[in-house]
Amino acid sequence: MSPTRIFIALGSNDADAVARLDAALLALDTDGVRVAGAARYVRGPYLTAAGDVDGSATPVCNTVAEVRSALPPEALLARLQRIERAAGRVRVGGTSRTLDLDLLAYGDVCCEGARLTLPHPRFATRAFVLEPWEEIAADFLVPASGTRAVPVVAHAATLRRDHPERFTALDPAGAPRFADRAAACTVLETREDLAAWRSAQPGLVGVVPTMGALHPGHASLVQRAAAECDAVIATLFVNPLQFGPGEDLARYPRSFEADCALLARHGADAVYAPSAEDLFPTGFATWIEPGGAAQGLEGAERPGHFRGVATVVVKLWTRTRPDRGYFGRKDAQQLAVLRQVVRDLELPGEVIACPTVRAPDGLARSSRNRFLSEQERKVASTLCAALAALAQRAALGQADCAILERLAVEQLERAGLRVDYLVVVDPTSMGAQTTLRGAALVLAAVRLGDVRLLDNRWLAPALGVAAAPTALDAGGRA
Ligand code: AMP
């Protein structure tokens, strides 16, 4: 059974607010409470109890942490208040917030009481809560009594639409210095060290395969794995097998130290970073050649790409022996191919699909975004906008895929993007569709200068027929 997902909001406008929050996270991470991850700090204006900005007060530094604990909500609240008191907090008027810890959500618990209301009654109006919460748990369904649960990403999108100024008023204030968690994130380089680590894990193990240059999209995968598994191992390996002859392997960004810090912060227990020689020693000559979902689209544009991806993932899967492997919907065809490979080769373990994390303008986070110029970066958001417009036309009744595709391609080309492909496909087989009948996916690859961007979006054929991930696709990030 997956552990209950519990979230805590932390704030301080002390002279050394960042140190206060660092210390609070460490204090929290003891005696039956484990901090699975914490978002980067954001600094925002002080709000009065009525929700108005008090420009005369010191701005407040905030984050949101996910914790795991068997303590019931009331006992957890008492623990938070003890940590506040130990930091010197006195609950009287004034604008000084030495340390403020709030229980934001406790799984699907909804309650309203004098001491505790869950979820926190004002989270949906607070950008300084939703911004960090979205970073670490975009897909968490915030329960609501008497109505349906809505994911954090959709709450954030609504507030961003209604009050964008609340988000633009936030400034980055650094990352948590989560000393003992960072130390706990073991870096494993050899096969023997990995085997020893793996044998020592008694519970569910989640693996998050990555090529490094990590961003909030990767962080969300680790966070999800940390919430659902007893131990999480991320792999960092820039896989030479999946780069074609004209593709620049040497240019792929590398940031090992920062990647390890991010992984630790978001709840990874170990990082496996093998060398290319170790994974593919001289004489290596056996490949996994996926058919089916691997044909067409990226498979056609980049011959050999999926055979490189499948081969490395099967090797990493065999070595890490995960109960669950976490992959992003951002790379929808890759996800379909890997599901197919795990199924066809009967690999033990389950493939888990995670929602796409987006920048506020909708652009899917990608390590390639850093290569876009300022001007290109503005144009790039058209990709998400064109897919959203296509989804809207589909929901309003246009079921002819050729028309849907043509209109979207025209929109992209008008914006200056070169379209490699834009196709409505079946989500499992990746086969092209001519008429929308059930849930489908639209996949697109475009070029902007020498940067290639991928995106996709779920489609529902008619108004009111919503495929599950469509709700997550609403607005800013999905
Ligand atoms: P990469 O390091 O680019 O090979 O990606 C590693 C994993 O992160 C893959 O499962 C990707 O689908 C996933 N990923 C990449 N970008 C995002 C994103 N913006 N949101 C969610 N997952 C992502």
# chains A, B, ... in the order shown; residues from 1 in each chain; ligands from 1

call {"tool": "closest_atom_pairs", "arguments": {"of": "chain A", "to": "ligand 1", "cutoff": "6 Å", "atoms": "only C-alpha atoms and all ligand atoms", "output": "tab-separated table"}}
result
residue	atom	partner	partner_atom_place_in_ligand_line	distance
A:Pro209	CA	ligand 1	6 (C)	5.7
A:Thr210	CA	ligand 1	2 (O)	3.7
A:Met211	CA	ligand 1	2 (O)	3.8
A:Gly212	CA	ligand 1	2 (O)	5.3
A:Gly217	CA	ligand 1	20 (N)	3.6
A:His218	CA	ligand 1	8 (O)	4.8
A:Phe327	CA	ligand 1	10 (O)	3.3
A:Gly328	CA	ligand 1	12 (O)	3.3
A:Arg329	CA	ligand 1	12 (O)	5.6
A:Lys330	CA	ligand 1	12 (O)	5.0
A:Asp331	CA	ligand 1	12 (O)	4.5
A:Pro355	CA	ligand 1	21 (C)	5.6
A:Thr356	CA	ligand 1	20 (N)	3.5
A:Val357	CA	ligand 1	20 (N)	3.9
A:Arg358	CA	ligand 1	19 (N)	5.7
A:Ala364	CA	ligand 1	19 (N)	4.8
A:Arg365	CA	ligand 1	19 (N)	3.7
A:Ser366	CA	ligand 1	16 (N)	5.0

call {"tool": "closest_atom_pairs", "arguments": {"of": "segment 185-287 of chain A", "to": "segment 20-43 of chain A", "cutoff": "12 Å", "atoms": "only C-alpha atoms", "output": "CSV"}}
result
residue,atom,partner,partner_atom,distance
A:Cys185,CA,A:Ala36,CA,11.7
A:His215,CA,A:Arg40,CA,11.7
A:Pro216,CA,A:Ala39,CA,9.5
A:Ala219,CA,A:Ala39,CA,9.3
A:Ser220,CA,A:Gly37,CA,10.0
A:Leu221,CA,A:Gly37,CA,11.6
A:Val222,CA,A:Gly37,CA,9.0
A:Gln223,CA,A:Gly37,CA,6.6
A:Arg224,CA,A:Ala36,CA,9.6
A:Ala225,CA,A:Ala36,CA,9.7
A:Ala226,CA,A:Ala36,CA,6.1
A:Ala227,CA,A:Ala36,CA,7.0
A:Glu228,CA,A:Ala36,CA,10.3
A:Cys229,CA,A:Ala36,CA,10.5
A:Asp230,CA,A:Ala36,CA,10.3
A:Ala231,CA,A:Ala36,CA,10.2
A:Val232,CA,A:Ala36,CA,10.2
A:Ala261,CA,A:Gly37,CA,11.4
A:Leu262,CA,A:Gly37,CA,9.5
A:Leu263,CA,A:Gly37,CA,9.0
A:Ala264,CA,A:Gly37,CA,7.8
A:Arg265,CA,A:Gly37,CA,5.3
A:His266,CA,A:Gly37,CA,4.0
A:Gly267,CA,A:Ala36,CA,4.5
A:Ala268,CA,A:Ala36,CA,8.1
A:Asp269,CA,A:Ala36,CA,9.6

call {"tool": "write_last_selection", "arguments": {"atoms": "C-alpha atoms", "output": "compact mmCIF listing (two decimals), in the first residue's frame"}}
result
# COMPACT_ATOMS: atom_id res chain seq x y z
CA CYS A 185 21.64 10.19 -0.79
CA HIS A 215 14.86 20.26 -13.67
CA PRO A 216 11.48 20.36 -11.87
CA ALA A 219 12.11 16.38 -9.44
CA SER A 220 8.41 15.56 -9.69
CA LEU A 221 9.20 11.97 -10.71
CA VAL A 222 11.51 11.51 -7.71
CA GLN A 223 8.97 13.12 -5.43
CA ARG A 224 6.23 10.80 -6.64
CA ALA A 225 8.50 7.78 -6.23
CA ALA A 226 9.44 8.90 -2.71
CA ALA A 227 5.78 9.19 -1.83
CA GLU A 228 4.93 5.72 -3.13
CA CYS A 229 8.01 3.61 -2.36
CA ASP A 230 10.15 2.77 0.65
CA ALA A 231 13.38 3.57 -1.18
CA VAL A 232 14.11 5.55 -4.32
CA ALA A 261 21.61 17.83 -4.55
CA LEU A 262 18.26 18.07 -6.34
CA LEU A 263 17.69 14.33 -6.09
CA ALA A 264 18.47 14.32 -2.36
CA ARG A 265 16.22 17.30 -1.76
CA HIS A 266 13.30 15.57 -3.43
CA GLY A 267 13.62 12.30 -1.58
CA ALA A 268 16.03 10.03 -3.50
CA ASP A 269 17.93 7.64 -1.25

call {"tool": "closest_residue", "arguments": {"among": "A:Arg79, A:Arg321, A:Arg452, A:Arg406", "to": "Leu204 of chain A", "atoms": "only C-alpha atoms"}}
result
A:Arg321

call {"tool": "residues_around", "arguments": {"residues": "Val342 of chain A", "least_positions_apart": "6", "cutoff": "8 Å", "atoms": "only C-alpha atoms", "output": "PDB file with all heavy atoms, in the first residue's frame"}}
result
ATOM      1  N   PRO A 348       9.847  -7.999 -14.260  1.00  0.00           N
ATOM      2  CA  PRO A 348       9.071  -7.768 -13.050  1.00  0.00           C
ATOM      3  C   PRO A 348       9.067  -6.277 -12.731  1.00  0.00           C
ATOM      4  O   PRO A 348      10.037  -5.578 -13.038  1.00  0.00           O
ATOM      5  CB  PRO A 348       9.807  -8.576 -11.970  1.00  0.00           C
ATOM      6  CG  PRO A 348      11.094  -9.012 -12.570  1.00  0.00           C
ATOM      7  CD  PRO A 348      11.105  -8.717 -14.039  1.00  0.00           C
ATOM      8  N   GLU A 350       6.583  -2.436 -12.350  1.00  0.00           N
ATOM      9  CA  GLU A 350       5.487  -1.714 -12.990  1.00  0.00           C
ATOM     10  C   GLU A 350       5.993  -0.373 -13.520  1.00  0.00           C
ATOM     11  O   GLU A 350       6.802   0.287 -12.857  1.00  0.00           O
ATOM     12  CB  GLU A 350       4.461  -1.451 -11.875  1.00  0.00           C
ATOM     13  CG  GLU A 350       3.061  -1.175 -12.314  1.00  0.00           C
ATOM     14  CD  GLU A 350       2.215  -0.806 -11.076  1.00  0.00           C
ATOM     15  OE1 GLU A 350       2.594  -1.156  -9.941  1.00  0.00           O
ATOM     16  OE2 GLU A 350       1.199  -0.137 -11.264  1.00  0.00           O
ATOM     17  N   VAL A 351       5.504   0.019 -14.688  1.00  0.00           N
ATOM     18  CA  VAL A 351       5.845   1.352 -15.222  1.00  0.00           C
ATOM     19  C   VAL A 351       4.802   2.345 -14.724  1.00  0.00           C
ATOM     20  O   VAL A 351       3.606   2.130 -14.890  1.00  0.00           O
ATOM     21  CB  VAL A 351       5.846   1.337 -16.767  1.00  0.00           C
ATOM     22  CG1 VAL A 351       5.936   2.747 -17.335  1.00  0.00           C
ATOM     23  CG2 VAL A 351       7.000   0.479 -17.280  1.00  0.00           C
TER      24      VAL A 351
END

call {"tool": "closest_residue", "arguments": {"among": "A:Leu363, A:Met430, A:Ala173, A:Ala460", "to": "Ala294 of chain A", "atoms": "only C-alpha atoms"}}
result
A:Met430

call {"tool": "residues_around", "arguments": {"residues": "Glu277 of chain A", "least_positions_apart": "4", "cutoff": "12 Å", "atoms": "only C-alpha atoms", "output": "PyMOL selection string"}}
result
chain A and resi 189-191+237+239-240+273+281-284

call {"tool": "write_last_selection", "arguments": {"atoms": "N, CA, C and O atoms", "output": "PDB file, in the first residue's frame"}}
result
ATOM      1  N   GLU A 189      28.574   4.024  -7.928  1.00  0.00           N
ATOM      2  CA  GLU A 189      29.156   4.087  -9.275  1.00  0.00           C
ATOM      3  C   GLU A 189      29.388   2.706  -9.875  1.00  0.00           C
ATOM      4  O   GLU A 189      29.328   2.536 -11.080  1.00  0.00           O
ATOM      5  N   THR A 190      29.644   1.727  -9.007  1.00  0.00           N
ATOM      6  CA  THR A 190      29.948   0.405  -9.573  1.00  0.00           C
ATOM      7  C   THR A 190      28.746  -0.517  -9.453  1.00  0.00           C
ATOM      8  O   THR A 190      27.858  -0.316  -8.627  1.00  0.00           O
ATOM      9  N   ARG A 191      28.778  -1.546 -10.265  1.00  0.00           N
ATOM     10  CA  ARG A 191      27.715  -2.537 -10.269  1.00  0.00           C
ATOM     11  C   ARG A 191      27.636  -3.259  -8.924  1.00  0.00           C
ATOM     12  O   ARG A 191      26.560  -3.581  -8.426  1.00  0.00           O
ATOM     13  N   PHE A 237      22.682   8.860 -16.236  1.00  0.00           N
ATOM     14  CA  PHE A 237      23.536   8.280 -17.278  1.00  0.00           C
ATOM     15  C   PHE A 237      23.172   8.892 -18.617  1.00  0.00           C
ATOM     16  O   PHE A 237      22.025   8.763 -19.069  1.00  0.00           O
ATOM     17  N   ASN A 239      23.096   8.453 -22.100  1.00  0.00           N
ATOM     18  CA  ASN A 239      23.167   7.200 -22.850  1.00  0.00           C
ATOM     19  C   ASN A 239      23.627   7.423 -24.294  1.00  0.00           C
ATOM     20  O   ASN A 239      22.848   7.898 -25.126  1.00  0.00           O
ATOM     21  N   PRO A 240      24.867   7.062 -24.612  1.00  0.00           N
ATOM     22  CA  PRO A 240      25.353   7.322 -25.977  1.00  0.00           C
ATOM     23  C   PRO A 240      24.552   6.549 -27.033  1.00  0.00           C
ATOM     24  O   PRO A 240      24.465   6.993 -28.175  1.00  0.00           O
ATOM     25  N   ALA A 273      25.191   6.167 -10.869  1.00  0.00           N
ATOM     26  CA  ALA A 273      25.807   6.873 -12.003  1.00  0.00           C
ATOM     27  C   ALA A 273      26.908   5.996 -12.587  1.00  0.00           C
ATOM     28  O   ALA A 273      28.089   6.190 -12.297  1.00  0.00           O
ATOM     29  N   PRO A 281      30.514  -2.524 -22.005  1.00  0.00           N
ATOM     30  CA  PRO A 281      31.950  -2.816 -22.150  1.00  0.00           C
ATOM     31  C   PRO A 281      32.282  -3.282 -23.567  1.00  0.00           C
ATOM     32  O   PRO A 281      31.389  -3.637 -24.335  1.00  0.00           O
ATOM     33  N   THR A 282      33.540  -3.273 -23.872  1.00  0.00           N
ATOM     34  CA  THR A 282      33.985  -3.756 -25.188  1.00  0.00           C
ATOM     35  C   THR A 282      33.402  -5.153 -25.416  1.00  0.00           C
ATOM     36  O   THR A 282      33.418  -5.983 -24.518  1.00  0.00           O
ATOM     37  N   GLY A 283      32.862  -5.359 -26.594  1.00  0.00           N
ATOM     38  CA  GLY A 283      32.269  -6.661 -26.909  1.00  0.00           C
ATOM     39  C   GLY A 283      30.758  -6.672 -26.733  1.00  0.00           C
ATOM     40  O   GLY A 283      30.098  -7.610 -27.159  1.00  0.00           O
ATOM     41  N   PHE A 284      30.239  -5.595 -26.149  1.00  0.00           N
ATOM     42  CA  PHE A 284      28.775  -5.521 -25.986  1.00  0.00           C
ATOM     43  C   PHE A 284      28.132  -5.518 -27.372  1.00  0.00           C
ATOM     44  O   PHE A 284      28.464  -4.679 -28.216  1.00  0.00           O
TER      45      PHE A 284
END

call {"tool": "residues_around", "arguments": {"residues": "Ser381 of chain A", "least_positions_apart": "3", "cutoff": "7 Å", "atoms": "only C-alpha atoms", "output": "list in words"}}
result
Asp361, Gly362, Leu363, Lys378, Cys384 and Ala385 of chain A

call {"tool": "closest_residue", "arguments": {"among": "A:Thr58, A:Ser255, A:Gln201, A:Thr186", "to": "Asp14 of chain A", "atoms": "only C-alpha atoms"}}
result
A:Thr58

call {"tool": "select_by_dssp", "arguments": {"residues": "segment 313-371 of chain A", "states": "strand (DSSP E or B)", "output": "ChimeraX atom specification"}}
result
/A:324-328,350-354,358,364

call {"tool": "write_last_selection", "arguments": {"atoms": "C-alpha atoms", "output": "compact mmCIF listing (two decimals), in the first residue's frame"}}
result
# COMPACT_ATOMS: atom_id res chain seq x y z
CA ARG A 324 8.18 0.57 -9.88
CA GLY A 325 9.87 2.60 -12.60
CA TYR A 326 8.83 6.27 -12.94
CA PHE A 327 8.68 7.97 -16.36
CA GLY A 328 7.33 11.29 -17.63
CA GLU A 350 5.49 -1.71 -12.99
CA VAL A 351 5.85 1.35 -15.22
CA ILE A 352 4.35 4.46 -13.59
CA ALA A 353 3.46 7.47 -15.78
CA CYS A 354 3.90 10.94 -14.24
CA ARG A 358 5.51 22.97 -17.34
CA ALA A 364 7.13 21.68 -20.98

call {"tool": "atom_distance", "arguments": {"atom1": "atom CA of Leu241 of chain A", "atom2": "atom CA of His305 of chain A"}}
result
7.4 Å

call {"tool": "atom_distance", "arguments": {"atom1": "atom CA of Ala285 of chain A", "atom2": "atom CA of Asp193 of chain A"}}
result
24.7 Å

call {"tool": "select_by_dssp", "arguments": {"residues": "segment 168-404 of chain A", "states": "alpha helix (DSSP H)", "output": "PyMOL selection string"}}
result
chain A and resi 168+179-184+191-199+216-228+256-265+276-279+298-301+305-320+332-344+374-395+401-404

call {"tool": "residues_around", "arguments": {"residues": "Glu289 of chain A", "least_positions_apart": "6", "cutoff": "12 Å", "atoms": "only C-alpha atoms", "output": "list in words"}}
result
Gln295, Gly299, Pro303, Gly304, His305, Phe306, Arg307, Gly308, Val309, Ala310, Thr311, Val312, Val314, Val337, Leu338, Gln340, Val341, Asp344 and Leu345 of chain A

call {"tool": "write_last_selection", "arguments": {"atoms": "C-alpha atoms", "output": "short mmCIF file (atom, residue, chain, number, x, y, z; two decimals), in the first residue's frame"}}
result
data_model
loop_
_atom_site.label_atom_id
_atom_site.label_comp_id
_atom_site.auth_asym_id
_atom_site.auth_seq_id
_atom_site.Cartn_x
_atom_site.Cartn_y
_atom_site.Cartn_z
CA GLN A 295 7.65 2.76 -35.18
CA GLY A 299 11.19 6.23 -34.27
CA PRO A 303 16.40 5.83 -36.49
CA GLY A 304 17.92 3.73 -33.72
CA HIS A 305 16.81 6.09 -30.96
CA PHE A 306 14.30 3.77 -29.29
CA ARG A 307 16.55 0.77 -29.61
CA GLY A 308 19.14 2.79 -27.65
CA VAL A 309 16.57 3.85 -25.06
CA ALA A 310 15.10 0.35 -24.67
CA THR A 311 18.52 -1.29 -24.41
CA VAL A 312 19.76 1.04 -21.68
CA VAL A 314 16.39 -2.84 -19.76
CA VAL A 337 7.56 2.00 -25.89
CA LEU A 338 8.86 1.25 -22.39
CA GLN A 340 5.53 -2.33 -24.28
CA VAL A 341 9.10 -3.51 -23.59
CA ASP A 344 6.74 -8.07 -23.78
CA LEU A 345 9.93 -9.07 -21.95
#
